[in-house]
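Dropping structure-v8.cif in here (mmCIF, C-alpha atoms):
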data_start
loop_
_atom_site.label_atom_id
_atom_site.label_comp_id
_atom_site.auth_asym_id
_atom_site.auth_seq_id
_atom_site.Cartn_x
_atom_site.Cartn_y
_atom_site.Cartn_z
CA MET A 1454 95.29 75.59 79.55
CA PRO A 1455 97.53 78.68 79.70
CA GLY A 1456 96.95 80.95 82.68
CA PRO A 1457 95.58 84.46 82.27
CA LEU A 1458 99.06 85.92 82.85
CA GLU A 1459 100.93 83.57 80.52
CA GLY A 1460 103.68 85.58 78.80
CA LYS A 1461 103.58 88.36 81.39
CA VAL A 1462 106.64 89.31 83.42
CA ALA A 1463 106.41 90.52 87.01
CA LEU A 1464 108.82 91.86 89.58
CA VAL A 1465 107.76 91.41 93.19
CA ALA A 1466 110.17 93.54 95.17
CA GLY A 1467 110.21 92.32 98.75
CA ALA A 1468 108.99 88.78 98.08
CA THR A 1469 110.85 86.85 100.75
CA ARG A 1470 107.83 86.31 103.01
CA GLY A 1471 104.39 87.62 103.94
CA ALA A 1472 102.30 89.43 101.36
CA GLY A 1473 105.16 89.56 98.85
CA ARG A 1474 105.49 85.79 98.85
CA GLY A 1475 101.72 85.30 98.57
CA ILE A 1476 101.57 87.72 95.64
CA ALA A 1477 104.49 86.09 93.83
CA VAL A 1478 102.96 82.62 94.18
CA GLU A 1479 99.55 83.71 92.89
CA LEU A 1480 101.10 85.51 89.92
CA GLY A 1481 102.93 82.28 89.19
CA ALA A 1482 99.72 80.30 89.52
CA ALA A 1483 98.26 82.58 86.84
CA GLY A 1484 101.17 81.70 84.52
CA ALA A 1485 103.49 84.68 84.93
CA THR A 1486 107.26 84.76 84.99
CA VAL A 1487 108.02 86.28 88.38
CA TYR A 1488 111.28 87.82 89.50
CA VAL A 1489 111.37 87.79 93.28
CA SER A 1490 113.78 90.00 95.19
CA GLY A 1491 114.77 90.52 98.79
CA ARG A 1492 117.72 90.39 101.16
CA SER A 1493 117.21 87.00 102.84
CA THR A 1494 118.89 84.22 100.90
CA ARG A 1495 119.96 80.66 101.56
CA ALA A 1496 123.50 81.96 101.93
CA GLN A 1497 122.80 84.97 104.15
CA ARG A 1498 119.91 86.22 106.26
CA SER A 1499 118.87 89.84 106.65
CA GLU A 1500 118.61 91.44 110.09
CA TYR A 1501 115.20 89.75 110.39
CA ASP A 1502 117.19 86.55 110.96
CA ARG A 1503 114.33 84.37 109.74
CA PRO A 1504 114.38 81.18 107.67
CA GLU A 1505 112.35 82.38 104.66
CA THR A 1506 114.42 83.12 101.55
CA VAL A 1507 113.91 84.55 98.08
CA GLU A 1508 115.02 81.23 96.61
CA ASP A 1509 112.25 79.45 98.50
CA THR A 1510 109.73 81.94 97.15
CA ALA A 1511 110.97 81.39 93.59
CA ASP A 1512 110.57 77.63 94.02
CA LEU A 1513 107.00 78.12 95.24
CA VAL A 1514 106.23 80.29 92.19
CA THR A 1515 107.50 77.57 89.86
CA ALA A 1516 105.61 74.86 91.74
CA ALA A 1517 102.42 76.92 91.36
CA GLY A 1518 102.77 76.89 87.57
CA GLY A 1519 104.80 79.98 86.74
CA GLN A 1520 108.51 80.60 86.45
CA GLY A 1521 110.11 81.90 89.61
CA ILE A 1522 113.47 83.65 89.39
CA ALA A 1523 115.19 84.71 92.61
CA VAL A 1524 117.42 87.79 92.50
CA PRO A 1525 118.86 88.74 95.91
CA THR A 1526 118.63 92.53 96.06
CA ASP A 1527 118.97 95.30 98.62
CA HIS A 1528 116.45 97.86 97.39
CA LEU A 1529 118.22 100.64 99.28
CA ASP A 1530 121.13 100.21 96.88
CA PRO A 1531 120.31 101.99 93.60
CA SER A 1532 123.05 100.18 91.71
CA ALA A 1533 121.70 96.79 92.82
CA VAL A 1534 118.18 97.73 91.76
CA ARG A 1535 119.46 98.99 88.42
CA ALA A 1536 121.27 95.69 87.91
CA LEU A 1537 118.08 93.79 88.74
CA VAL A 1538 116.06 95.74 86.18
CA ASP A 1539 118.82 95.41 83.59
CA ARG A 1540 118.72 91.65 84.06
CA ILE A 1541 114.97 91.57 83.52
CA ASP A 1542 115.42 93.70 80.41
CA ASP A 1543 118.17 91.44 79.07
CA GLU A 1544 116.28 88.22 79.76
CA GLN A 1545 112.68 89.26 79.02
CA ASP A 1546 112.70 92.61 77.16
CA ARG A 1547 109.62 93.61 79.14
CA LEU A 1548 108.12 94.18 82.56
CA ASP A 1549 104.33 94.06 82.87
CA ILE A 1550 103.79 94.08 86.63
CA LEU A 1551 105.76 95.80 89.37
CA VAL A 1552 104.81 95.09 92.98
CA ASN A 1553 106.57 97.33 95.49
CA ASP A 1554 106.24 95.35 98.72
CA ILE A 1555 109.53 96.23 100.42
CA TRP A 1556 109.05 96.84 104.14
CA GLY A 1557 111.62 95.43 106.55
CA GLY A 1558 110.49 97.52 109.54
CA GLU A 1559 108.84 94.83 111.63
CA HIS A 1560 111.36 95.05 114.48
CA LEU A 1561 111.92 98.80 114.31
CA PHE A 1562 108.67 100.48 115.34
CA ALA A 1563 107.35 100.96 118.88
CA TRP A 1564 103.62 100.92 119.59
CA ASP A 1565 101.97 104.11 120.91
CA THR A 1566 105.31 105.85 121.33
CA PRO A 1567 105.41 109.57 120.43
CA VAL A 1568 108.04 110.78 118.03
CA TRP A 1569 110.16 112.42 120.76
CA GLU A 1570 110.37 109.13 122.68
CA HIS A 1571 110.74 106.79 119.70
CA ASP A 1572 114.28 105.68 118.85
CA LEU A 1573 115.24 108.16 116.13
CA ASP A 1574 117.65 105.91 114.26
CA LYS A 1575 115.05 103.14 114.09
CA GLY A 1576 112.35 105.58 113.00
CA LEU A 1577 114.45 106.98 110.19
CA ARG A 1578 115.42 103.46 109.18
CA ILE A 1579 111.71 102.63 108.84
CA LEU A 1580 111.26 105.52 106.44
CA ARG A 1581 114.28 104.46 104.40
CA LEU A 1582 113.13 100.84 104.19
CA ALA A 1583 109.45 101.54 103.56
CA VAL A 1584 109.54 104.67 101.41
CA GLU A 1585 112.99 105.22 99.89
CA THR A 1586 113.16 101.64 98.61
CA HIS A 1587 109.89 102.05 96.73
CA ALA A 1588 111.08 105.28 95.13
CA ILE A 1589 114.40 103.74 94.07
CA THR A 1590 112.69 100.70 92.60
CA SER A 1591 110.11 102.71 90.68
CA HIS A 1592 112.79 105.06 89.35
CA HIS A 1593 114.72 102.21 87.78
CA ALA A 1594 111.90 99.84 86.84
CA LEU A 1595 109.26 102.11 85.34
CA PRO A 1596 111.03 102.91 82.05
CA LEU A 1597 111.02 99.18 81.29
CA LEU A 1598 107.40 98.78 82.41
CA LEU A 1599 106.36 101.65 80.14
CA ARG A 1600 107.98 100.08 77.10
CA TRP A 1601 104.77 98.15 76.45
CA PRO A 1602 101.24 99.47 77.11
CA GLY A 1603 99.08 98.11 79.90
CA GLY A 1604 101.64 97.88 82.70
CA LEU A 1605 100.54 97.68 86.35
CA VAL A 1606 102.27 99.03 89.46
CA VAL A 1607 101.03 97.89 92.87
CA GLU A 1608 102.21 99.82 95.91
CA MET A 1609 101.72 97.58 98.94
CA THR A 1610 100.88 99.23 102.25
CA ASP A 1611 98.94 98.70 105.47
CA GLY A 1612 95.53 100.34 105.58
CA THR A 1613 93.27 101.98 103.05
CA ALA A 1614 93.49 105.69 102.36
CA GLU A 1615 90.17 106.21 104.15
CA TYR A 1616 91.15 104.19 107.21
CA ASN A 1617 94.61 105.73 107.53
CA ARG A 1618 93.19 109.23 107.08
CA ASP A 1619 90.99 108.82 110.15
CA THR A 1620 93.09 106.45 112.28
CA TYR A 1621 96.40 106.87 114.09
CA ARG A 1622 98.51 103.92 112.93
CA VAL A 1623 100.79 102.54 115.65
CA SER A 1624 103.27 105.44 115.93
CA PHE A 1625 104.54 108.53 114.11
CA PHE A 1626 107.06 106.69 111.94
CA TYR A 1627 104.80 103.74 111.11
CA ASP A 1628 101.90 106.05 110.32
CA LEU A 1629 104.06 108.23 108.09
CA ALA A 1630 105.57 105.25 106.24
CA LYS A 1631 102.28 103.55 105.42
CA THR A 1632 100.53 106.77 104.46
CA SER A 1633 103.45 107.84 102.26
CA VAL A 1634 103.08 104.67 100.19
CA LEU A 1635 99.39 105.46 99.64
CA ARG A 1636 100.39 108.86 98.30
CA MET A 1637 103.04 107.26 96.09
CA ALA A 1638 100.36 105.28 94.31
CA PHE A 1639 98.29 108.42 93.84
CA ALA A 1640 101.25 110.29 92.37
CA LEU A 1641 102.26 107.38 90.15
CA GLY A 1642 98.69 107.20 88.89
CA HIS A 1643 99.05 110.73 87.56
CA GLU A 1644 102.44 110.02 86.00
CA LEU A 1645 101.61 106.62 84.52
CA GLY A 1646 97.98 106.97 83.53
CA ARG A 1647 98.64 109.29 80.62
CA ARG A 1648 101.39 106.93 79.48
CA GLY A 1649 99.25 103.82 79.25
CA ALA A 1650 99.96 102.20 82.62
CA THR A 1651 98.11 101.91 85.94
CA ALA A 1652 99.21 102.41 89.54
CA VAL A 1653 97.26 101.41 92.64
CA ALA A 1654 97.81 101.14 96.37
CA LEU A 1655 96.78 97.81 97.84
CA THR A 1656 96.49 96.60 101.40
CA PRO A 1657 95.80 93.15 102.80
CA GLY A 1658 93.73 92.87 105.93
CA TRP A 1659 95.01 91.29 109.13
CA LEU A 1660 97.65 89.12 107.53
CA ARG A 1661 98.54 85.65 108.73
CA SER A 1662 102.16 86.13 107.73
CA GLU A 1663 104.92 83.87 108.99
CA ILE A 1664 105.92 86.48 111.56
CA MET A 1665 102.35 86.99 112.79
CA LEU A 1666 101.74 83.26 113.18
CA ASP A 1667 104.98 82.92 115.12
CA GLN A 1668 104.03 85.84 117.34
CA PHE A 1669 100.82 84.09 118.34
CA GLY A 1670 102.49 80.68 118.63
CA VAL A 1671 100.38 79.02 115.94
CA ARG A 1672 100.71 77.64 112.41
CA GLU A 1673 98.49 78.12 109.40
CA ASP A 1674 96.81 74.78 110.04
CA ASN A 1675 95.80 75.70 113.62
CA TRP A 1676 95.67 79.49 113.45
CA ARG A 1677 92.26 79.60 115.12
CA ASP A 1678 93.92 78.54 118.37
CA ALA A 1679 95.12 82.15 118.62
CA LEU A 1680 91.54 83.40 118.97
CA ALA A 1681 91.59 82.58 122.66
CA GLN A 1682 94.11 85.37 123.21
CA VAL A 1683 93.20 87.66 120.26
CA PRO A 1684 89.51 87.14 119.35
CA HIS A 1685 89.48 89.68 116.50
CA PHE A 1686 92.16 87.63 114.74
CA ALA A 1687 89.14 85.71 113.41
CA ILE A 1688 88.99 88.21 110.53
CA SER A 1689 92.57 87.43 109.44
CA GLU A 1690 93.56 86.22 105.99
CA THR A 1691 96.39 84.33 104.30
CA PRO A 1692 99.00 86.11 102.14
CA ARG A 1693 97.57 84.27 99.15
CA TYR A 1694 94.34 86.28 99.42
CA VAL A 1695 96.03 89.58 98.58
CA GLY A 1696 98.06 87.63 96.02
CA ARG A 1697 94.84 86.72 94.26
CA ALA A 1698 93.86 90.38 94.34
CA VAL A 1699 97.04 91.32 92.49
CA ALA A 1700 96.62 88.50 89.98
CA ALA A 1701 93.04 89.61 89.31
CA LEU A 1702 94.11 93.21 88.78
CA ALA A 1703 96.93 92.16 86.45
CA ALA A 1704 94.56 90.06 84.33
CA ASP A 1705 91.86 92.76 84.11
CA PRO A 1706 91.83 94.46 80.69
CA GLN A 1707 90.01 97.37 82.34
CA VAL A 1708 92.41 97.74 85.27
CA ALA A 1709 92.88 101.43 84.42
CA ARG A 1710 89.53 102.10 86.12
CA TRP A 1711 91.40 101.74 89.43
CA ASN A 1712 94.25 104.09 88.53
CA GLY A 1713 95.55 106.07 91.50
CA GLN A 1714 93.11 104.49 93.93
CA SER A 1715 93.51 102.80 97.30
CA LEU A 1716 92.26 99.19 97.25
CA SER A 1717 92.05 96.25 99.64
CA SER A 1718 91.98 92.49 99.24
CA GLY A 1719 88.59 92.29 100.94
CA GLY A 1720 87.16 95.05 98.81
CA LEU A 1721 88.34 93.50 95.53
CA ALA A 1722 87.28 89.92 96.31
CA PRO A 1723 83.56 90.36 95.49
CA VAL A 1724 84.41 92.44 92.41
CA TYR A 1725 86.65 89.78 90.87
CA GLY A 1726 85.11 86.70 92.46
CA PHE A 1727 88.19 85.30 94.21
CA THR A 1728 88.34 83.87 97.73
CA ASP A 1729 90.95 83.09 100.33
CA LEU A 1730 92.33 79.55 100.47
CA ASP A 1731 89.50 78.41 102.74
CA GLY A 1732 86.81 79.71 100.38
CA SER A 1733 85.94 82.74 102.54
CA ARG A 1734 86.12 86.45 101.66
CA PRO A 1735 87.31 88.31 104.76
CA ASP A 1736 86.70 92.06 104.60
CA ALA A 1737 89.04 93.15 107.35
CA TRP A 1738 88.93 96.91 106.97
CA ARG A 1739 85.14 97.09 107.12
CA TYR A 1740 85.26 94.77 110.13
CA LEU A 1741 87.84 96.93 111.93
CA VAL A 1742 85.71 100.05 111.52
CA GLU A 1743 82.36 98.47 112.34
CA VAL A 1744 83.33 95.92 114.98
CA GLN A 1745 86.83 96.06 116.49
CA ASP A 1746 87.46 99.81 116.65
CA VAL A 1747 84.08 100.57 118.22
CA GLY A 1748 84.59 98.01 120.95
CA LYS A 1749 82.13 95.33 119.88
CA PRO A 1750 82.88 91.69 120.72
CA ALA A 1751 84.55 89.66 118.02
CA ASP A 1752 82.02 88.33 115.53
CA VAL A 1753 82.94 87.89 111.87
CA THR A 1754 79.41 87.04 110.77
CA GLY A 1755 78.80 88.95 107.56
CA TYR A 1756 82.46 89.95 107.25
CA ARG A 1757 83.96 86.77 105.80
#

Would you write the structure of this file as structure tokens?
Amino acid sequence: MPGPLEGKVALVAGATRGAGRGIAVELGAAGATVYVSGRSTRAQRSEYDRPETVEDTADLVTAAGGQGIAVPTDHLDPSAVRALVDRIDDEQDRLDILVNDIWGGEHLFAWDTPVWEHDLDKGLRILRLAVETHAITSHHALPLLLRWPGGLVVEMTDGTAEYNRDTYRVSFFYDLAKTSVLRMAFALGHELGRRGATAVALTPGWLRSEIMLDQFGVREDNWRDALAQVPHFAISETPRYVGRAVAALAADPQVARWNGQSLSSGGLAPVYGFTDLDGSRPDAWRYLVEVQDVGKPADVTGYR
């Protein structure tokens, strides 16, 4: 049976690892052709110096049932992004789904460090990687996405608009970067909605990314061992969970109802009926507000 996204073409910008990889794989599982971009390749690593590559992600997309196409791209380079979009145009003549998941700031921000003490070069680099890349990619990709009606743009961030409005997020530069992406989705909603496309902001919850698992010294198959040191990690989710959220949005003929809004994987799961890989439905942002941030002991009962 063909998947619900059979014949659709997606670009997941920033698909080397984490949420981007999970999204690309789930779009592939739904039958899409998925172009995956990023800087880490089998020939050369980015400054992250990690083993995950865009080629590996493309292989996972194909194994899941779609067609994965790796295109190494630095999204701070407008000419490289233009070449990427031109290739999609030449090969597919369409772009139905754009996921802006470029981040790259994992090793650049300092926790609870005021702007005057934070390394300025690293802070400005965060803004370039997390904000400028999204703007460059949208500038070049949206004319192709608008060629056919019904296109979807997903701006990936950390935190819902409500949570980030009321909560200081890590540091000045991190807070500004993640909140800026929320506003991007709002602005794109105004610009795309009247032209037959939809833009949303989407956040995963506490993500069990490759980097996060390594930080806690666990793997996906024994991630609960980390609860001894970080009990609230019990609410965490796999990257595939937010991937299923994107796939559900892309397959929804009424996706325009979400235009310009801030969404989360946990909030969309009961609407669309998807689960994480273990069959649960973690609702991390509700849990953070009602349990973690008010100092209650870790207890995910009723939250996953």

Tell me which residues the PyMOL selection byres ((chain A and resi 1511) around 6) grabs here, as a list in words.
->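 Matching residues under the PyMOL selection byres ((chain A and resi 1511) around 6) are Glu1508, Asp1509, Thr1510, Asp1512, Leu1513, Val1514, Gly1521, Ile1522 and Ala1523 of chain A.
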
Residues picked by the PyMOL selection byres ((chain A and resi 1587) around 10) here, as a list of chain:residue names?
->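 That selection, the PyMOL selection byres ((chain A and resi 1587) around 10), comes back as A:Ala1466, A:Gly1467, A:His1528, A:Leu1529, A:Val1552, A:Asn1553, A:Asp1554, A:Ile1555, A:Trp1556, A:Arg1581, A:Leu1582, A:Ala1583, A:Val1584, A:Glu1585, A:Thr1586, A:Ala1588, A:Ile1589, A:Thr1590, A:Ser1591, A:His1592, A:Glu1608, A:Met1609, A:Val1634, A:Met1637.
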
Answer key for the PyMOL selection byres ((chain A and resi 1710) around 12), residues as a list in words |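 For this structure, the PyMOL selection byres ((chain A and resi 1710) around 12) captures Leu1605, Gly1642, Gly1646, Ala1650, Thr1651, Ala1652, Val1653, Leu1702, Asp1705, Pro1706, Gln1707, Val1708, Ala1709, Trp1711, Asn1712, Gly1713, Gln1714, Ser1715 and Leu1716 of chain A.
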
Deliver the residues from the most recent selection as a file, using C-alpha atoms, as a PDB file, in the frame of the given file.
ATOM      1  CA  LEU A1605     100.540  97.680  86.350  1.00  0.00           C
ATOM      2  CA  GLY A1642      98.690 107.200  88.890  1.00  0.00           C
ATOM      3  CA  GLY A1646      97.980 106.970  83.530  1.00  0.00           C
ATOM      4  CA  ALA A1650      99.960 102.200  82.620  1.00  0.00           C
ATOM      5  CA  THR A1651      98.110 101.910  85.940  1.00  0.00           C
ATOM      6  CA  ALA A1652      99.210 102.410  89.540  1.00  0.00           C
ATOM      7  CA  VAL A1653      97.260 101.410  92.640  1.00  0.00           C
ATOM      8  CA  LEU A1702      94.110  93.210  88.780  1.00  0.00           C
ATOM      9  CA  ASP A1705      91.860  92.760  84.110  1.00  0.00           C
ATOM     10  CA  PRO A1706      91.830  94.460  80.690  1.00  0.00           C
ATOM     11  CA  GLN A1707      90.010  97.370  82.340  1.00  0.00           C
ATOM     12  CA  VAL A1708      92.410  97.740  85.270  1.00  0.00           C
ATOM     13  CA  ALA A1709      92.880 101.430  84.420  1.00  0.00           C
ATOM     14  CA  TRP A1711      91.400 101.740  89.430  1.00  0.00           C
ATOM     15  CA  ASN A1712      94.250 104.090  88.530  1.00  0.00           C
ATOM     16  CA  GLY A1713      95.550 106.070  91.500  1.00  0.00           C
ATOM     17  CA  GLN A1714      93.110 104.490  93.930  1.00  0.00           C
ATOM     18  CA  SER A1715      93.510 102.800  97.300  1.00  0.00           C
ATOM     19  CA  LEU A1716      92.260  99.190  97.250  1.00  0.00           C
TER      20      LEU A1716
END

Mind pulling up the distance from atom CA of A:Ala1482 to atom CA of A:Gly1518?
->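 Spanning atom CA of A:Gly1518 to atom CA of A:Ala1482 is a straight-line distance of 5.0 Å.
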
Skip A:Asp1628 itself and residues of its chain fewer than 5 positions away, then list as a list in words all residues within 10 Å of it, counting all atoms listed in the file.
->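 In the requested format, the answer is Asp1611, Gly1612, Asn1617, Arg1618, Thr1620, Tyr1621, Arg1622, Val1623 and Ser1633 of chain A.
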
Do you know which residues are at most 10 Å from A:Ile1550 counting only C-alpha atoms, after dropping those on the same chain fewer than 5 positions away, and could you put them as a list in words?
->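 Here the qualifying residues turn out to be Lys1461, Val1462, Ala1463, Leu1464, Val1465, Leu1480, Ala1485, Val1487, Ala1594, Leu1595, Leu1598, Gly1603, Gly1604, Leu1605, Val1606, Val1607, Ala1650, Thr1651, Ala1652, Val1699, Ala1700, Leu1702 and Ala1703 of chain A.
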
Write the residues you've just listed into a file as a PDB file, in the coordinates of the input, and include C-alpha atoms for each of them.
ATOM      1  CA  LYS A1461     103.580  88.360  81.390  1.00  0.00           C
ATOM      2  CA  VAL A1462     106.640  89.310  83.420  1.00  0.00           C
ATOM      3  CA  ALA A1463     106.410  90.520  87.010  1.00  0.00           C
ATOM      4  CA  LEU A1464     108.820  91.860  89.580  1.00  0.00           C
ATOM      5  CA  VAL A1465     107.760  91.410  93.190  1.00  0.00           C
ATOM      6  CA  LEU A1480     101.100  85.510  89.920  1.00  0.00           C
ATOM      7  CA  ALA A1485     103.490  84.680  84.930  1.00  0.00           C
ATOM      8  CA  VAL A1487     108.020  86.280  88.380  1.00  0.00           C
ATOM      9  CA  ALA A1594     111.900  99.840  86.840  1.00  0.00           C
ATOM     10  CA  LEU A1595     109.260 102.110  85.340  1.00  0.00           C
ATOM     11  CA  LEU A1598     107.400  98.780  82.410  1.00  0.00           C
ATOM     12  CA  GLY A1603      99.080  98.110  79.900  1.00  0.00           C
ATOM     13  CA  GLY A1604     101.640  97.880  82.700  1.00  0.00           C
ATOM     14  CA  LEU A1605     100.540  97.680  86.350  1.00  0.00           C
ATOM     15  CA  VAL A1606     102.270  99.030  89.460  1.00  0.00           C
ATOM     16  CA  VAL A1607     101.030  97.890  92.870  1.00  0.00           C
ATOM     17  CA  ALA A1650      99.960 102.200  82.620  1.00  0.00           C
ATOM     18  CA  THR A1651      98.110 101.910  85.940  1.00  0.00           C
ATOM     19  CA  ALA A1652      99.210 102.410  89.540  1.00  0.00           C
ATOM     20  CA  VAL A1699      97.040  91.320  92.490  1.00  0.00           C
ATOM     21  CA  ALA A1700      96.620  88.500  89.980  1.00  0.00           C
ATOM     22  CA  LEU A1702      94.110  93.210  88.780  1.00  0.00           C
ATOM     23  CA  ALA A1703      96.930  92.160  86.450  1.00  0.00           C
TER      24      ALA A1703
END

Correct to one decimal, the distance atom CA of A:Trp1676-atom CA of A:Ala1468 is 22.4 Å

Between atom CA of A:Val1695 and atom CA of A:Gly1484 - distance in Å to one decimal =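 Distance between the two atoms: 16.9 Å.
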
Mind listing whatever residues come within 7 Å of the point (99.6, 90.4, 102.5)? Use only C-alpha atoms, file coordinates, and give them as a PyMOL selection string.
-> chain A and resi 1471-1473+1475+1657+1660+1692+1695

Of the candidates A:Phe1639, A:Trp1738, A:Phe1626, A:Trp1601, which one gets nearest to A:Trp1659 if we count only C-alpha atoms?
->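 The shortest atom-to-atom distance to A:Trp1659 comes from A:Trp1738.
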
Could you pull out every residue with an atom within 9 Å of (109.1, 95.6, 78.8), file coordinates, counting all atoms listed in the file, and send them as a ChimeraX atom specification?
-> /A:1462,1541-1542,1545-1549,1596-1602,1604

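Using only C-alpha atoms, the contacts of stretch 1727-1733 of chain A at a cut-off of 7 Å, with sequence neighbours closer than 4 positions omitted, comprise Glu1690, Thr1691, Arg1693, Tyr1694, Arg1697, Ala1722, Pro1723 and Arg1757 of chain A.
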
Could you write those residues out with C-alpha atoms, as a short mmCIF file (atom, residue, chain, number, x, y, z; two decimals), keeping the file's coordinate frame?
data_model
loop_
_atom_site.label_atom_id
_atom_site.label_comp_id
_atom_site.auth_asym_id
_atom_site.auth_seq_id
_atom_site.Cartn_x
_atom_site.Cartn_y
_atom_site.Cartn_z
CA GLU A 1690 93.56 86.22 105.99
CA THR A 1691 96.39 84.33 104.30
CA ARG A 1693 97.57 84.27 99.15
CA TYR A 1694 94.34 86.28 99.42
CA ARG A 1697 94.84 86.72 94.26
CA ALA A 1722 87.28 89.92 96.31
CA PRO A 1723 83.56 90.36 95.49
CA ARG A 1757 83.96 86.77 105.80
#
